[in-house]
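Student: I'm passing along structure-v4.txt; it holds compact mmCIF, C-alpha atoms.
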```txt
# COMPACT_ATOMS: atom_id res chain seq x y z
CA MET A 1 56.49 207.83 164.37
CA THR A 2 56.81 209.31 160.89
CA ILE A 3 54.38 209.51 157.99
CA LEU A 4 56.08 209.88 154.60
CA ILE A 5 54.05 211.53 151.85
CA THR A 6 55.37 211.14 148.33
CA GLY A 7 54.28 213.80 145.85
CA ASN A 8 53.57 216.10 148.77
CA THR A 9 54.03 219.39 146.91
CA GLY A 10 51.17 218.65 144.52
CA TYR A 11 47.48 219.52 144.59
CA VAL A 12 46.37 216.92 147.15
CA GLY A 13 49.67 216.70 149.01
CA SER A 14 49.69 220.41 149.83
CA VAL A 15 46.36 220.06 151.62
CA LEU A 16 47.27 216.74 153.27
CA THR A 17 50.53 217.99 154.78
CA THR A 18 48.78 221.07 156.13
CA GLU A 19 46.03 219.03 157.79
CA LEU A 20 48.38 216.40 159.26
CA GLN A 21 50.57 219.13 160.72
CA LYS A 22 47.50 220.66 162.37
CA LYS A 23 46.60 217.31 163.93
CA GLY A 24 50.07 216.83 165.43
CA GLY A 25 51.25 213.67 167.16
CA ARG A 26 53.39 212.43 164.28
CA GLU A 27 56.41 213.54 162.36
CA ILE A 28 55.58 214.41 158.75
CA ALA A 29 58.10 213.98 155.95
CA GLY A 30 57.65 214.68 152.26
CA LEU A 31 59.38 213.40 149.13
CA ASP A 32 58.87 215.23 145.85
CA THR A 33 60.59 216.18 142.59
CA GLY A 34 59.39 219.73 143.08
CA PHE A 35 57.97 220.35 139.60
CA PHE A 36 55.10 222.27 141.17
CA LEU A 37 56.84 223.59 144.28
CA GLU A 38 56.61 227.19 143.07
CA SER A 39 53.03 226.87 141.82
CA LEU A 40 51.79 229.01 144.67
CA PRO A 41 49.86 232.26 144.34
CA PRO A 42 51.41 235.34 146.01
CA LYS A 43 51.14 235.47 149.80
CA ILE A 44 50.16 231.79 150.10
CA PRO A 45 52.52 230.19 152.66
CA MET A 46 54.49 227.15 151.56
CA PRO A 47 53.08 224.11 153.41
CA GLU A 48 56.50 222.40 153.52
CA VAL A 49 58.30 224.88 155.77
CA LYS A 50 57.33 223.15 159.04
CA MET A 51 58.14 219.56 158.10
CA THR A 52 61.02 217.42 156.88
CA GLN A 53 61.21 217.83 153.13
CA TYR A 54 63.25 215.62 150.80
CA PHE A 55 63.67 216.47 147.15
CA GLY A 56 64.26 213.43 145.02
CA ASP A 57 63.04 211.46 142.04
CA ILE A 58 61.44 208.11 142.85
CA ARG A 59 63.22 206.74 139.78
CA ASP A 60 66.60 207.37 141.47
CA PRO A 61 68.37 204.00 141.84
CA ASN A 62 70.10 205.30 145.00
CA PRO A 63 67.24 206.59 147.16
CA SER A 64 69.25 207.93 150.10
CA TRP A 65 66.16 209.64 151.56
CA ILE A 66 64.68 206.39 152.86
CA THR A 67 67.66 205.64 155.11
CA THR A 68 67.38 208.99 156.93
CA ILE A 69 63.76 208.54 158.02
CA GLN A 70 63.40 207.41 161.61
CA ASP A 71 60.49 205.26 162.85
CA LEU A 72 58.69 205.10 159.52
CA GLU A 73 55.07 204.20 160.27
CA ALA A 74 53.32 204.63 156.95
CA VAL A 75 53.76 205.88 153.40
CA VAL A 76 51.06 207.82 151.60
CA HIS A 77 51.93 207.49 147.93
CA LEU A 78 50.63 210.39 145.86
CA ALA A 79 53.61 210.77 143.51
CA ALA A 80 52.53 210.11 139.93
CA ILE A 81 51.98 211.44 136.45
CA SER A 82 48.58 212.56 137.53
CA ASN A 83 46.06 212.74 134.70
CA ASP A 84 45.07 211.44 131.27
CA PRO A 85 46.56 214.25 129.12
CA MET A 86 49.97 213.93 130.79
CA GLY A 87 49.76 210.15 130.58
CA LYS A 88 49.07 210.37 126.86
CA GLU A 89 51.96 212.76 126.15
CA PHE A 90 54.42 210.97 128.44
CA GLU A 91 53.18 207.41 128.16
CA LYS A 92 56.55 205.70 128.67
CA VAL A 93 57.41 207.95 131.60
CA THR A 94 53.98 207.31 133.11
CA LYS A 95 54.61 203.57 133.21
CA ASP A 96 58.07 204.13 134.66
CA ILE A 97 56.96 206.52 137.41
CA ASN A 98 53.45 205.30 138.18
CA VAL A 99 54.23 201.59 138.15
CA ARG A 100 57.85 200.43 138.17
CA SER A 101 59.31 203.16 140.38
CA SER A 102 56.22 203.38 142.58
CA LEU A 103 56.49 199.68 143.33
CA GLU A 104 60.15 200.24 144.24
CA VAL A 105 59.01 202.88 146.74
CA ALA A 106 56.63 200.33 148.26
CA LYS A 107 59.39 197.72 148.47
CA LEU A 108 61.72 200.22 150.15
CA ALA A 109 59.01 201.21 152.60
CA LYS A 110 58.40 197.58 153.49
CA LYS A 111 62.12 196.91 153.89
CA HIS A 112 62.46 200.01 156.07
CA GLY A 113 59.77 198.78 158.47
CA ALA A 114 56.68 200.70 157.40
CA ARG A 115 53.55 198.86 158.48
CA LYS A 116 51.17 200.65 156.11
CA PHE A 117 51.16 201.78 152.49
CA VAL A 118 48.30 204.02 151.39
CA PHE A 119 48.05 204.29 147.62
CA ALA A 120 46.15 207.03 145.80
CA SER A 121 44.40 205.03 143.10
CA SER A 122 41.54 206.23 140.90
CA CYS A 123 37.97 205.45 139.87
CA SER A 124 39.13 206.06 136.30
CA LEU A 125 40.01 202.36 136.37
CA TYR A 126 36.36 201.66 135.57
CA GLY A 127 36.67 203.46 132.22
CA ALA A 128 33.45 202.90 130.31
CA GLY A 129 31.13 201.52 132.95
CA SER A 130 27.71 199.96 132.67
CA ASP A 131 24.51 201.72 133.70
CA LEU A 132 25.00 200.40 137.23
CA PRO A 133 27.38 202.07 139.71
CA ARG A 134 30.68 200.23 139.77
CA LYS A 135 31.75 198.27 142.82
CA GLU A 136 35.29 197.31 143.80
CA SER A 137 34.70 193.73 142.68
CA ASP A 138 33.44 194.72 139.21
CA PRO A 139 35.62 194.25 136.11
CA LEU A 140 38.00 197.09 135.31
CA ASN A 141 38.21 198.80 131.93
CA PRO A 142 41.08 201.35 131.98
CA LEU A 143 41.00 203.39 128.78
CA THR A 144 44.13 205.52 129.21
CA ALA A 145 47.79 205.11 130.13
CA TYR A 146 47.11 206.86 133.43
CA ALA A 147 44.22 204.56 134.35
CA GLU A 148 46.14 201.49 133.24
CA SER A 149 49.05 202.50 135.48
CA LYS A 150 46.71 202.52 138.49
CA ASP A 151 45.53 199.02 137.61
CA LEU A 152 49.07 197.68 137.31
CA MET A 153 50.15 199.38 140.52
CA GLU A 154 47.27 197.87 142.47
CA LYS A 155 48.18 194.40 141.19
CA GLY A 156 51.83 194.90 142.12
CA LEU A 157 50.94 196.11 145.61
CA GLN A 158 48.69 193.11 146.20
CA ALA A 159 51.68 190.85 145.69
CA LEU A 160 53.70 192.83 148.28
CA ALA A 161 51.07 192.97 151.00
CA ASP A 162 51.35 190.66 154.00
CA HIS A 163 50.69 190.60 157.74
CA GLN A 164 53.55 193.04 158.36
CA PHE A 165 52.81 195.37 155.45
CA GLN A 166 49.20 196.41 154.98
CA VAL A 167 48.21 198.07 151.71
CA ILE A 168 45.10 200.21 151.24
CA CYS A 169 44.31 201.40 147.72
CA LEU A 170 41.97 204.38 147.73
CA ARG A 171 40.16 204.59 144.39
CA PHE A 172 39.38 208.28 144.47
CA ALA A 173 36.64 209.98 142.52
CA THR A 174 37.69 212.99 140.41
CA ALA A 175 39.20 215.64 142.67
CA CYS A 176 37.96 219.21 143.01
CA GLY A 177 38.25 222.11 145.40
CA ALA A 178 40.70 224.75 146.54
CA SER A 179 44.31 223.94 147.40
CA PRO A 180 47.43 226.04 147.96
CA ARG A 181 48.59 224.57 144.63
CA ILE A 182 45.26 224.50 142.83
CA ARG A 183 44.85 222.66 139.53
CA LEU A 184 42.51 223.89 136.84
CA ASP A 185 42.77 220.75 134.71
CA LEU A 186 40.04 219.17 136.84
CA VAL A 187 36.51 219.41 135.51
CA LEU A 188 34.78 221.36 138.29
CA ASN A 189 37.77 223.64 138.90
CA ASP A 190 37.92 224.32 135.16
CA PHE A 191 34.23 225.24 135.00
CA VAL A 192 34.54 227.67 137.91
CA ALA A 193 37.65 229.28 136.44
CA SER A 194 35.86 229.69 133.10
CA ALA A 195 32.88 231.27 134.83
CA LEU A 196 35.10 233.73 136.70
CA THR A 197 37.28 234.81 133.79
CA LYS A 198 34.93 234.54 130.81
CA GLY A 199 31.41 234.41 132.18
CA ARG A 200 30.70 231.28 130.19
CA ILE A 201 31.35 227.55 130.35
CA GLU A 202 31.92 225.64 127.14
CA VAL A 203 31.43 221.89 127.48
CA LEU A 204 33.45 220.41 124.64
CA SER A 205 31.53 217.12 124.65
CA ASP A 206 27.84 216.29 124.62
CA GLY A 207 27.92 216.48 128.42
CA SER A 208 26.45 213.02 128.91
CA PRO A 209 29.37 211.20 130.62
CA TYR A 210 29.10 210.51 134.31
CA ARG A 211 31.87 211.44 136.71
CA PRO A 212 32.02 210.89 140.46
CA LEU A 213 33.62 213.86 142.24
CA ILE A 214 35.24 214.37 145.64
CA HIS A 215 36.49 217.50 147.35
CA VAL A 216 40.21 217.56 148.15
CA GLN A 217 39.48 218.04 151.87
CA ASP A 218 37.40 214.87 151.78
CA MET A 219 40.25 213.06 150.04
CA VAL A 220 42.46 214.07 152.95
CA ARG A 221 39.84 212.86 155.40
CA ALA A 222 39.92 209.45 153.70
CA ILE A 223 43.72 209.29 153.76
CA GLU A 224 43.73 210.06 157.47
CA TRP A 225 41.28 207.18 157.96
CA ALA A 226 43.44 204.82 155.90
CA ILE A 227 46.59 205.65 157.89
CA ASP A 228 44.92 204.53 161.13
CA PHE A 229 42.53 201.85 159.87
CA ASP A 230 43.45 198.26 160.68
CA PRO A 231 41.80 196.08 158.00
CA GLU A 232 41.14 192.42 158.54
CA GLN A 233 42.90 191.62 155.26
CA HIS A 234 46.41 192.67 154.29
CA PHE A 235 45.27 194.22 151.00
CA LEU A 236 42.21 196.43 150.67
CA VAL A 237 40.77 198.31 147.68
CA VAL A 238 38.00 200.81 148.34
CA ASN A 239 36.16 203.37 146.23
CA VAL A 240 36.36 206.77 147.92
CA GLY A 241 33.65 209.33 147.36
CA SER A 242 29.93 209.72 147.85
CA ASP A 243 26.97 208.26 145.99
CA SER A 244 25.40 211.72 145.85
CA TRP A 245 28.41 213.06 143.93
CA ASN A 246 27.88 210.96 140.77
CA TYR A 247 27.19 213.72 138.23
CA GLN A 248 26.84 214.08 134.50
CA ILE A 249 29.21 216.68 133.06
CA LYS A 250 26.31 218.77 131.71
CA ASP A 251 24.75 218.92 135.17
CA LEU A 252 28.01 220.16 136.68
CA ALA A 253 28.14 222.96 134.11
CA ALA A 254 24.53 223.90 134.77
CA THR A 255 25.09 223.98 138.53
CA VAL A 256 28.15 226.24 138.26
CA ALA A 257 26.30 228.57 135.89
CA ASP A 258 23.37 228.73 138.28
CA LEU A 259 25.51 229.49 141.33
CA LEU A 260 27.89 232.07 139.87
CA PRO A 261 26.86 235.54 138.70
CA LYS A 262 26.42 236.34 135.02
CA THR A 263 27.51 232.89 133.85
CA THR A 264 26.15 230.96 130.88
CA TYR A 265 27.03 227.50 129.60
CA SER A 266 26.86 225.68 126.29
CA ILE A 267 26.93 222.01 125.34
CA THR A 268 28.53 220.77 122.13
CA SER A 269 25.51 218.67 121.23
CA ASP A 270 26.99 217.23 118.03
CA ALA A 271 30.23 216.11 119.71
CA LEU A 272 30.96 212.45 120.20
CA PRO A 273 30.39 211.33 123.78
CA ASP A 274 33.44 210.80 125.95
CA GLN A 275 33.96 207.07 126.43
CA ARG A 276 35.19 207.68 129.96
CA SER A 277 31.82 207.51 131.66
CA TYR A 278 31.14 205.68 134.89
CA ARG A 279 29.14 205.90 138.06
CA VAL A 280 30.63 204.45 141.22
CA ASP A 281 29.24 202.67 144.27
CA PHE A 282 30.78 204.00 147.48
CA SER A 283 28.87 201.82 149.94
CA LEU A 284 31.96 199.88 151.07
CA PHE A 285 33.73 203.09 152.07
CA GLU A 286 30.60 204.23 153.89
CA SER A 287 30.51 201.02 155.93
CA LEU A 288 34.25 200.95 156.69
CA ALA A 289 34.72 204.65 157.45
CA PRO A 290 31.44 206.02 158.85
CA HIS A 291 33.25 208.83 160.67
CA HIS A 292 35.33 209.91 157.67
CA GLN A 293 32.64 210.35 155.06
CA PRO A 294 32.73 213.24 152.56
CA GLN A 295 31.35 216.41 154.12
CA VAL A 296 31.62 219.04 151.38
CA ASP A 297 28.63 219.43 149.05
CA LEU A 298 28.72 220.64 145.45
CA LYS A 299 27.46 224.17 146.15
CA THR A 300 30.05 224.69 148.87
CA ALA A 301 32.81 223.40 146.60
CA VAL A 302 31.86 225.71 143.72
CA LEU A 303 31.69 228.82 145.91
CA GLU A 304 34.92 227.91 147.68
CA ILE A 305 36.84 227.51 144.41
CA TYR A 306 35.39 230.80 143.17
CA ASP A 307 36.37 232.67 146.35
CA HIS A 308 39.84 231.12 146.38
CA LEU A 309 40.55 232.18 142.81
CA GLN A 310 39.28 235.69 143.49
CA GLN A 311 41.36 236.03 146.65
CA THR A 312 44.53 234.95 144.88
CA GLY A 313 44.00 237.49 142.10
CA PHE A 314 43.29 234.95 139.39
CA HIS A 315 42.05 236.59 136.19
CA ASP A 316 43.56 234.69 133.25
CA PRO A 317 40.97 233.82 130.57
CA ASP A 318 43.66 231.77 128.79
CA PHE A 319 44.32 229.62 131.85
CA ARG A 320 44.19 226.43 129.78
CA GLN A 321 47.53 227.54 128.33
CA SER A 322 48.98 228.50 131.69
CA PRO A 323 50.92 226.89 134.57
CA TRP A 324 47.56 226.27 136.27
CA MET A 325 47.35 223.26 133.93
CA ARG A 326 49.80 220.51 134.90
CA LEU A 327 50.59 219.41 131.34
CA HIS A 328 51.26 222.97 130.20
CA HIS A 329 53.54 223.53 133.18
CA LEU A 330 55.62 220.46 132.30
CA ARG A 331 55.82 221.64 128.69
CA SER A 332 57.07 225.01 129.92
CA LEU A 333 59.78 223.37 132.03
CA ILE A 334 60.86 221.37 128.97
CA ALA A 335 60.79 224.42 126.68
CA THR A 336 63.08 226.32 129.08
CA ASN A 337 65.40 223.30 129.38
CA GLN A 338 64.79 222.90 133.09
CA ILE A 339 63.68 219.29 132.59
CA ASN A 340 64.10 216.95 129.63
CA HIS A 341 61.47 214.95 127.74
CA ASP A 342 61.87 212.06 130.20
CA LEU A 343 60.98 214.53 132.97
CA PHE A 344 64.37 214.53 134.65
CA TRP A 345 65.80 217.83 135.93
CA THR A 346 68.69 218.97 133.72
CA ASP A 347 70.45 220.85 136.53
CA GLN A 348 72.36 218.40 138.74
CA SER A 349 71.95 220.73 141.71
CA TRP A 350 68.15 220.92 141.39
CA ALA A 351 67.46 219.30 144.75
CA SER A 352 69.70 221.78 146.58
CA ARG A 353 68.09 224.70 144.75
CA LEU A 354 64.60 223.60 145.73
CA ALA A 355 65.65 223.01 149.33
CA SER A 356 66.99 226.57 149.39
CA LEU A 357 63.61 227.86 148.22
CA VAL A 358 61.91 226.15 151.15
CA GLN A 359 64.50 227.56 153.54
CA ASP A 360 63.94 231.05 152.13
CA HIS A 361 60.21 230.71 152.68
CA GLN A 362 60.88 229.52 156.24
CA LYS A 363 63.06 232.57 156.88
CA ASN A 364 60.44 234.91 155.47
CA LEU A 365 57.79 233.23 157.63
CA ASN A 366 59.94 233.64 160.74
CA ASP A 367 60.69 237.28 159.91
CA SER A 368 57.00 238.06 159.43
CA THR A 369 56.11 236.59 162.81
```
Write the structure described by the file as structure tokens, please.
Tutor:
Amino acid sequence: MTILITGNTGYVGSVLTTELQKKGGREIAGLDTGFFLESLPPKIPMPEVKMTQYFGDIRDPNPSWITTIQDLEAVVHLAAISNDPMGKEFEKVTKDINVRSSLEVAKLAKKHGARKFVFASSCSLYGAGSDLPRKESDPLNPLTAYAESKDLMEKGLQALADHQFQVICLRFATACGASPRIRLDLVLNDFVASALTKGRIEVLSDGSPYRPLIHVQDMVRAIEWAIDFDPEQHFLVVNVGSDSWNYQIKDLAATVADLLPKTTYSITSDALPDQRSYRVDFSLFESLAPHHQPQVDLKTAVLEIYDHLQQTGFHDPDFRQSPWMRLHHLRSLIATNQINHDLFWTDQSWASRLASLVQDHQKNLNDST
């Protein structure tokens, strides 16, 4: 049986493919546009070299990749315009990729016999929450194009789900932690990178908003649970994270400063508070997945990110203007005419070129062993 992971060369996908390959027992296939394929530090092995890798755009009206997959068991759908800044700059594209085309992937998966569709949704759907932690049944208040796309996708998937096609929507807390393709446009990762390169953390808001966090390894643990879980209902939405990881931004900054040497932090006390503030109730996930609960604590996550960045030689104090930030990387690809403003590759042979890169990494891996 085969598990297909869309968006597999991204931040979460790179960790997920590695872990699923370690587990064995299933064929693993990936589908990705490859925007971040080369976003690997030196000497970090490419996770895709030991699996079936397809390079394609989920907006392609002729998705030949689906017909070549044998015994498709489940799809883990990670492919998306993946945060608020990118959603704001590419709002039309976000709707096209995150909703319309993502629903087409689900329809293709169902038609091709997949029994399960695991969707990476987001707690950002709750937007500006009340003082009480938000439950799955609470009203949604998406404040950005990215969050709204998750809402629309969930609704579309609910209409597709039936007794032959189970859908599980994992509303993840904000991701953090080390990955072969680490992102620094995530709040905790950003704070650690700032501490390492500048010795100070500047919180550009009043620090009051709440954010639930989850380590990327714990996200993978939840996805593994969802692949095998057999829910009583055909469509399930579940918040994924831990009650103990509901933090205010200012407390995250203080914790990082306390844990890392020679680090200070400052709060912009006169700044307007970020409207995106919510705490989340994760009790449903705890009851459904008692053996797949988050295991990484905040201290471990901070030190791990710090060590990972040090080991990869990271030392860029201007990292917010670097490829470590997803939006900046897309802007760079546009500026060099590799992709256009609709985020399509301009080179018609792009898929072949990316496949060759994976093959080259495979050859280098074989030669080194």
Student: Could you name the residues that touch A:Ala178 at 10 Å or less, counting all atoms listed in the file, but leaving out those on the same chain fewer than 5 positions away, as a count of residues only?
Tutor: 18
Student: When you count only C-alpha atoms, which of these residues is closest to A:Asn246: A:Glu232, A:Asp297, A:Asp190, A:Glu38?
Tutor: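 Comparing A:Glu232, A:Asp297, A:Asp190, A:Glu38 against A:Asn246, the winner is A:Asp297.
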Student: Could you work out how far atom CA of A:Leu188 lies from atom CA of A:Glu202, giving the answer in Å with one decimal?
Tutor: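 Here the two named atoms are 12.3 Å from each other.
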Student: With distances taken over only C-alpha atoms, which residue among A:Ile97, A:Ala159, A:Ala175, A:Val237 lies nearest A:Arg59?
Tutor: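 Distance minimum relative to A:Arg59 lands on A:Ile97.
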Student: Just want the 9 Å neighbourhood of stretch 252-266 of chain A, counted on only C-alpha atoms, with same-chain residues fewer than 3 positions away dropped. Output as number ranges by chain.
Tutor: A: 187-188, 191-192, 194-196, 198-204, 207, 247-249, 269, 298-299, 302-303, 306
Student: Go ahead and compute the interatomic distance for atom CA of A:Pro142 and atom CA of A:Ser124, in Å to one decimal.
Tutor: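 Taking atom CA of A:Pro142 as the start and atom CA of A:Ser124 as the end point, the length is 6.7 Å.
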Student: Nearest to A:Lys150 among A:Ser205, A:Gln21, A:Ser122, A:Gln338, with distances taken over all atoms listed in the file: which residue is it?
Tutor: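 Smallest distance to A:Lys150 is found for A:Ser122.
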Student: If you count all atoms listed in the file, which residues fall within 6 Å of stretch 31-37 of chain A, apart from same-chain ones fewer than 5 positions away, as JSON, numbers by chain?
Tutor: {"A": [6, 7, 9, 54, 55, 56, 57]}
Student: Which residues are close to A:His77, i.e. within 9 Å by only C-alpha atoms, leaving aside same-chain residues fewer than 2 positions away? Reply as an MDAnalysis selection string.
Tutor: chainID A and resid 4:8 75 79:80 102 105:106 117:120
Student: Looking at A:Gln164, A:Gln310, A:Asn239, A:Asn337, which one is nearest to A:Arg279, with distances taken over only C-alpha atoms?
Tutor: A:Asn239
Student: Quick one: residues within 9 Å of A:Arg115, only C-alpha atoms counted, chain neighbours fewer than 5 positions away excluded, as a PyMOL selection string?
Tutor: chain A and resi 72-75+109-110+163-167
Student: Using only C-alpha atoms and a cutoff of 8 Å, can you tell me which residues are near (38.8, 210.7, 154.3) in the file's coordinates, and write them out as JSON, numbers by chain?
Tutor: {"A": [217, 218, 219, 220, 221, 222, 223, 224, 225, 226, 240, 289, 292, 293, 294]}
Student: Rounded to one decimal place, report the atom CA of A:Ile69-atom CA of A:Asp162 distance in Å.
Tutor: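 Pair atom CA of A:Ile69 / atom CA of A:Asp162 returns 22.1 Å.
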Student: Nearest to A:Ser64 among A:Leu108, A:Ile3, A:Cys123, A:Met51, with distances taken over only C-alpha atoms: which residue is it?
Tutor: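 Of all the options, A:Leu108 lies closest to A:Ser64.
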Student: Rank A:Pro231, A:Pro47, A:Pro317, A:Pro212 by their smallest atom-to-atom distance to A:Arg134, using all atoms listed in the file, and report the top residue only.
Tutor: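 For A:Arg134, the nearest of the candidates is A:Pro212.
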Student: Counting all atoms listed in the file, I want the residues whose atoms come within 12 Å of (59.2, 227.1, 155.0) in the file frame, returned as a list in words.
Tutor: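 I get Leu37, Ile44, Pro45, Met46, Pro47, Glu48, Val49, Lys50, Met51, Thr52, Gln53, Leu354, Ala355, Ser356, Leu357, Val358, Gln359, Asp360, His361, Gln362, Lys363, Asn364, Leu365, Asn366 and Asp367 of chain A for the residues within 12 Å of that point.
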Student: Is it possible to add all heavy atoms to stretch 307-315 of chain A and hand it back as a compact mmCIF listing (two decimals), in the frame of the given file?
Tutor:
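Wrote rebuild.txt, looks like this:
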```txt
# COMPACT_ATOMS: atom_id res chain seq x y z
N ASP A 307 35.78 231.73 145.38
CA ASP A 307 36.37 232.67 146.35
C ASP A 307 37.88 232.56 146.38
O ASP A 307 38.59 233.58 146.47
CB ASP A 307 35.79 232.42 147.74
CG ASP A 307 34.32 232.82 147.86
OD1 ASP A 307 33.86 233.59 146.99
OD2 ASP A 307 33.66 232.37 148.81
N HIS A 308 38.39 231.32 146.34
CA HIS A 308 39.84 231.12 146.38
C HIS A 308 40.51 231.78 145.18
O HIS A 308 41.53 232.47 145.34
CB HIS A 308 40.15 229.62 146.40
CG HIS A 308 41.61 229.29 146.35
ND1 HIS A 308 42.42 229.32 147.46
CD2 HIS A 308 42.42 228.95 145.31
CE1 HIS A 308 43.66 229.00 147.12
NE2 HIS A 308 43.67 228.77 145.81
N LEU A 309 39.96 231.58 144.01
CA LEU A 309 40.55 232.18 142.81
C LEU A 309 40.49 233.70 142.87
O LEU A 309 41.45 234.39 142.48
CB LEU A 309 39.84 231.66 141.57
CG LEU A 309 40.04 230.17 141.24
CD1 LEU A 309 39.19 229.75 140.06
CD2 LEU A 309 41.51 229.86 140.98
N GLN A 310 39.39 234.24 143.35
CA GLN A 310 39.28 235.69 143.49
C GLN A 310 40.31 236.22 144.47
O GLN A 310 40.98 237.23 144.21
CB GLN A 310 37.88 236.08 143.94
CG GLN A 310 36.83 236.05 142.84
CD GLN A 310 35.55 236.71 143.28
OE1 GLN A 310 35.04 236.44 144.36
NE2 GLN A 310 35.03 237.61 142.46
N GLN A 311 40.45 235.56 145.61
CA GLN A 311 41.36 236.03 146.65
C GLN A 311 42.82 235.98 146.22
O GLN A 311 43.65 236.77 146.70
CB GLN A 311 41.15 235.21 147.92
CG GLN A 311 39.82 235.47 148.61
CD GLN A 311 39.52 234.47 149.70
OE1 GLN A 311 40.37 233.67 150.10
NE2 GLN A 311 38.29 234.49 150.21
N THR A 312 43.14 235.06 145.34
CA THR A 312 44.53 234.95 144.88
C THR A 312 44.80 235.80 143.64
O THR A 312 45.88 235.74 143.07
CB THR A 312 44.89 233.48 144.57
OG1 THR A 312 43.96 232.95 143.60
CG2 THR A 312 44.84 232.63 145.83
N GLY A 313 43.80 236.59 143.22
CA GLY A 313 44.00 237.49 142.10
C GLY A 313 43.96 236.82 140.74
O GLY A 313 44.45 237.38 139.75
N PHE A 314 43.35 235.67 140.66
CA PHE A 314 43.29 234.95 139.39
C PHE A 314 42.37 235.66 138.40
O PHE A 314 41.24 235.99 138.72
CB PHE A 314 42.77 233.53 139.64
CG PHE A 314 42.53 232.74 138.39
CD1 PHE A 314 43.58 232.18 137.69
CD2 PHE A 314 41.24 232.55 137.92
CE1 PHE A 314 43.35 231.45 136.53
CE2 PHE A 314 41.00 231.81 136.78
CZ PHE A 314 42.07 231.26 136.08
N HIS A 315 42.88 235.89 137.19
CA HIS A 315 42.05 236.59 136.19
C HIS A 315 42.50 236.25 134.77
O HIS A 315 42.40 237.09 133.87
CB HIS A 315 42.11 238.11 136.40
CG HIS A 315 43.51 238.65 136.48
ND1 HIS A 315 44.34 238.78 135.40
CD2 HIS A 315 44.23 239.07 137.55
CE1 HIS A 315 45.50 239.27 135.77
NE2 HIS A 315 45.47 239.46 137.08
```
